[in-house]
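Q: The structure that follows is given in the form of structure tokens.
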Amino acid sequence: MSSKDKTWKEISIAGVCPKSSESFKTGDWKTYMPILDTEKCIVCLTCVMLCPDGAINWIPDTNKISFDYTFCKGCGICANECPAKALTMKIDNTEG
Amino acid sequence: MTTQEWKFTSKDIAVKPDLFLSGHRACAGCGPATVMRLIMKATRGPTIVTQATGCMEVVSSIYPYTSWNVPWLHTAFENAAANAAGIEAAIKAMQRKGKLKEHIDVIAIAGDGGTFDIGLQSLSGAVERGHDFLFVLYDNEGYMNTGIQRSGGTPSGAATTTTPAGSVIPGKLERKKPITEIMLAHGMEYVATATPYYWKDMITKVRKGLEVDGPAFLHVFAPCPRGWRSDQAKTMEYTKLAVETCIFPVWEAVNGKKQLSTPSKVIALAPQKKKPIKDYFKGQGRFRHLFTPKNIHVIDELQRLTDENWKKLLQNCESK
Ligand SMILES: Cc1ncc(C[n+]2csc(CCOP(=O)(O)OP(=O)(O)O)c2C)c(N)n1
Ligand code: SF4
Ligand code: SF4
């Protein structure tokens with residue numbers, strides 16, 4: 001929340017939340033991050049569907065799976081459900 | 001697009017932009033969050049969502065952020081269906097006056113507390129009056145947002161902060177309220193159960209519920225790793241095990257005629273595939289106390305009840 005935002009006292013009654021939560025990055029919550037072995041991935045889309053955070057996308061042009069680590073909370077659901085065992089959870093060493 | 005026309009291929013679903021957006025504040029591995037994302041994949045056009053207080057409302061609307069890419073209204077804990085009824089009536093009035101031409105779908109969402117318990121009166125009333133809306137119950141089997149209290153949807157044997165397992169009781173003593181039976185008894189055109197592990201089945205059911213001209217009810221099983229004291233990576237595994245053990249069979253009832261959906265039909269056709277409920281209880285901290293010599297009889301009793309319910313369901317279903 002930036003200092004320019006109206007406070008809850010200033011917004012209209014039954015006011016709206018004006019910003020998309022996509023500008024709130026939840027990726028720094030994680031301890032582990034899923035790493036994809038593209039050789040093993042069968043592009044079944046199971047992980048894309050089951051991720052609670054919408055952090056996995058399917059790219060139609062390349063028919064590949066892409067991870068958005070800025071939202072991934074590292075729950076491990078994707079790795080647990082991957083039928084091809086193409087995902088492993090590794091400690092997240094990235095900054096921030 | 002009707003259910004028949006929509007192809008429901010995985011790729012169609014994957015490319016449809018999320019209407020429940022990333023950046024929400026649900027716990028890592030939250031089952032209801034996956035459910036929110038997926039149910040919104042089934043929308044067919046302009047849609048208004050109204051939601052009762054509970055985890056999914058709180059995590060998606062922390063000021064100044066919203067995770068909803070559709071018009072969305074928060075309402076009091078007991079009012080999701082009343083709000084949906086009001087929205088639907090307003091849409092109809094505007095259409096009558098020629099101020100609005102297009103059709104707008106209305107979805108009400110509430111947790112088990114907001115459905116089995118405090119929201120039941122408004123739900124029953126809205127359904128009885130015949131408003132055109134879909135009610136989605138995401139059932140994490142407890143009042144999670146306020147600290148894991150028991151609800152009418154908590155299963156027997158589960159430890160919660162208000163049914164703590166110890167020397168006095170082995171978790172909740174009462175049974176889970178048969179909410180889908182209660183909704184069926186209202187004579188609704190569409191009532192179904194679903195779990196996100198079988199996401200295609202679930203998304204199809206949401207679409208069917210939207211297409212019905214009148215009220216529809218969908219009961220979705222949605223584990224909460226925080227409240228169930230379970231591994232966050234196993235959230236979806238539990239939604240599969242719940243079906244495989246017949247703890248939570250998936251079925252749909254069109255005009256009161258019940259029919260098993262494929263994941264449960266597979267078990268009805270090959271009963272050797274039915275797993276013991278222990279397989280589902282294992283690893284869930286809320287059932288840990290049942291695996292002690294003192295309480296093991298509780299598991300036997302719950303197995304007997306599960307088998308009994310499954311048998312009843314098979315008898316009620318059109319085809320096995
Ligand atoms: C009338 C009223 N009583 C109590 C509360 C406090 N409260 C907020 S969320 C909640 C629990 C919600 O439980 P449930 O509907 O199961 O959803 P969950 O949080 O589990 O997703 C309660 C009791 C409230 N908001 N309004
Ligand atoms: S670890 Fe969890 S949040 Fe991260 S991509 Fe996998 S399922 Fe999504
Ligand atoms: S407490 Fe449970 S239902 Fe609530 S956000 Fe966390 S995991 Fe989800």
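Ordered as shown in the structure tokens, chains take letters A, B, and onward, while each chain numbers its residues from 1 and ligands are numbered from 1 in the order shown.
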If we count only C-alpha atoms and set the cut-off at 8 Å, which residues sit around range 135-146 of chain B, ignoring sequence neighbours fewer than 3 positions away in its own chain? Please answer as a VMD selection string.
A: chain B and resid 31 to 32 35 54 to 55 81 107 to 113 115 149 to 151 153 to 155 160 215 to 224 227
Q: Please identify every residue of chain B that has at least one atom no more than 7 Å from any atom of chain A, counting only C-alpha atoms, and report them as a list in words.
A: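 Contact residues on the first chain: Ser10, Ala14, Leu21, Ser22, Gly23, His24, Ala28, Gly29, Cys30, Gly31, Ala33, Thr34, Ser61, Tyr63, Pro64, Tyr65, Thr66, Ser67, Gln232, Ala233, Lys234, Thr235 and Met236 of chain B.
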Q: Mind dumping the selected residues with N, CA, C and O atoms as a CSV table (one decimal), in the first residue's frame?
A:
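This is the output file result-v6.csv:
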```csv
chain,number,residue,atom,x,y,z
B,10,SER,N,-8.4,-29.3,-21.7
B,10,SER,CA,-7.5,-28.7,-20.7
B,10,SER,C,-6.9,-27.4,-21.2
B,10,SER,O,-6.7,-26.5,-20.4
B,14,ALA,N,-6.8,-23.8,-19.6
B,14,ALA,CA,-5.5,-23.2,-19.2
B,14,ALA,C,-5.4,-21.8,-19.8
B,14,ALA,O,-4.8,-20.9,-19.1
B,21,LEU,N,-7.5,-13.7,-9.0
B,21,LEU,CA,-6.1,-13.4,-9.4
B,21,LEU,C,-5.1,-13.8,-8.4
B,21,LEU,O,-5.4,-13.9,-7.2
B,22,SER,N,-3.9,-13.9,-8.9
B,22,SER,CA,-2.7,-14.2,-8.0
B,22,SER,C,-2.5,-13.0,-7.1
B,22,SER,O,-3.0,-11.9,-7.4
B,23,GLY,N,-1.7,-13.2,-6.1
B,23,GLY,CA,-1.4,-12.1,-5.1
B,23,GLY,C,-2.4,-12.1,-4.0
B,23,GLY,O,-2.4,-11.2,-3.1
B,24,HIS,N,-3.3,-13.1,-3.9
B,24,HIS,CA,-4.2,-13.2,-2.8
B,24,HIS,C,-3.4,-13.7,-1.6
B,24,HIS,O,-2.4,-14.3,-1.7
B,28,ALA,N,-0.1,-20.8,2.0
B,28,ALA,CA,0.5,-21.7,0.9
B,28,ALA,C,-0.2,-23.0,1.0
B,28,ALA,O,-0.5,-23.6,2.1
B,29,GLY,N,-0.6,-23.6,-0.2
B,29,GLY,CA,-1.3,-24.9,-0.2
B,29,GLY,C,-2.7,-24.8,0.1
B,29,GLY,O,-3.3,-25.9,0.4
B,30,CYS,N,-3.4,-23.7,0.1
B,30,CYS,CA,-4.8,-23.6,0.4
B,30,CYS,C,-5.7,-24.2,-0.6
B,30,CYS,O,-5.7,-23.8,-1.8
B,31,GLY,N,-6.5,-25.2,-0.2
B,31,GLY,CA,-7.4,-25.8,-1.1
B,31,GLY,C,-8.5,-24.9,-1.7
B,31,GLY,O,-8.7,-24.9,-2.9
B,33,ALA,N,-8.4,-21.8,-2.3
B,33,ALA,CA,-7.9,-20.9,-3.3
B,33,ALA,C,-7.9,-21.5,-4.7
B,33,ALA,O,-8.2,-20.9,-5.7
B,34,THR,N,-7.5,-22.8,-4.7
B,34,THR,CA,-7.5,-23.5,-6.0
B,34,THR,C,-8.9,-23.6,-6.5
B,34,THR,O,-9.2,-23.4,-7.7
B,61,SER,N,-9.5,-9.6,-0.5
B,61,SER,CA,-10.0,-8.2,-0.5
B,61,SER,C,-9.3,-7.4,0.5
B,61,SER,O,-10.0,-6.5,1.1
B,63,TYR,N,-7.6,-4.4,1.6
B,63,TYR,CA,-7.5,-3.0,1.1
B,63,TYR,C,-6.0,-2.7,0.9
B,63,TYR,O,-5.2,-2.9,1.8
B,64,PRO,N,-5.6,-2.1,-0.2
B,64,PRO,CA,-6.4,-1.6,-1.4
B,64,PRO,C,-6.4,-2.6,-2.5
B,64,PRO,O,-6.6,-2.2,-3.7
B,65,TYR,N,-6.2,-3.9,-2.2
B,65,TYR,CA,-6.1,-4.9,-3.3
B,65,TYR,C,-7.4,-5.7,-3.4
B,65,TYR,O,-8.1,-6.0,-2.4
B,66,THR,N,-7.7,-6.2,-4.6
B,66,THR,CA,-8.7,-7.2,-4.8
B,66,THR,C,-8.2,-8.2,-5.7
B,66,THR,O,-7.4,-8.0,-6.6
B,67,SER,N,-8.6,-9.5,-5.5
B,67,SER,CA,-8.2,-10.6,-6.4
B,67,SER,C,-9.3,-10.9,-7.3
B,67,SER,O,-9.2,-11.9,-8.0
B,232,GLN,N,1.1,-29.1,3.5
B,232,GLN,CA,0.5,-28.2,2.4
B,232,GLN,C,0.6,-28.8,1.0
B,232,GLN,O,-0.2,-28.5,0.2
B,233,ALA,N,1.6,-29.6,0.8
B,233,ALA,CA,1.8,-30.2,-0.5
B,233,ALA,C,0.8,-31.3,-0.8
B,233,ALA,O,0.6,-31.6,-2.0
B,234,LYS,N,0.1,-31.8,0.2
B,234,LYS,CA,-0.8,-32.9,0.1
B,234,LYS,C,-2.3,-32.5,-0.1
B,234,LYS,O,-3.2,-33.3,-0.1
B,235,THR,N,-2.5,-31.2,-0.1
B,235,THR,CA,-3.9,-30.7,-0.2
B,235,THR,C,-4.7,-31.3,-1.3
B,235,THR,O,-5.8,-31.8,-1.0
B,236,MET,N,-4.2,-31.4,-2.5
B,236,MET,CA,-5.0,-32.0,-3.6
B,236,MET,C,-5.0,-33.5,-3.5
B,236,MET,O,-6.0,-34.2,-3.8
```
Q: Taking 2 positions as the minimum chain separation for residues in the same chain, which residues sit within 9 Å of Thr50 in chain B when counting only C-alpha atoms? Answer as a list of chain:residue names.
A: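 Skipping anything fewer than 2 positions along the chain leaves B:Ile48, B:Ala52, B:Pro71, B:Trp72, B:Leu73, B:His74, B:Thr75, B:Ala80, B:Ala81, B:Asn83, B:Ala84, B:Ile87, B:Val106, B:Ile107, B:Ala108, B:Ile109, B:Ala110.
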Q: Please extract the residues of chain A with a backbone DSSP assignment of helix (DSSP H, G or I) and present them as a ChimeraX atom specification.
A: /A:21-23,27-29,46-50,77-81
Q: Just the residues within 10 Å of range 203-211 of chain B, please, counting only C-alpha atoms, with nothing from its chain fewer than 2 positions along; format it as number ranges by chain.
A: B: 1-4, 6-8, 13, 35, 38-44, 47, 104-107, 132-136, 189-196, 198-201, 213-218, 251-252, 254
Q: Nearest residue to ligand 1 out of B:Thr180, B:Glu174, B:Lys92, B:Arg226, using only C-alpha atoms and all ligand atoms?
A: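 Closest to ligand 1 of all the choices is B:Arg226.
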Q: Just to confirm, what's the straight-line distance from atom 1 (S, counted along the ligand's line) of ligand 2 to CA of Thr38 in chain A in Å (one decimal)?
A: 16.3 Å
Q: Measuring atom to atom with only C-alpha atoms and all ligand atoms, identify which of B:Gly171, B:Thr9, B:Leu184, B:Trp228 is nearest to ligand 1.
A: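 Closest candidate: B:Trp228.
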Q: So the first atom is CA of Lys90 in chain A and the second is CA of Tyr32 in chain A; what is the distance between them in Å, to one decimal place?
A: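 Answer for the CA of Lys90 in chain A to CA of Tyr32 in chain A separation: 5.2 Å.
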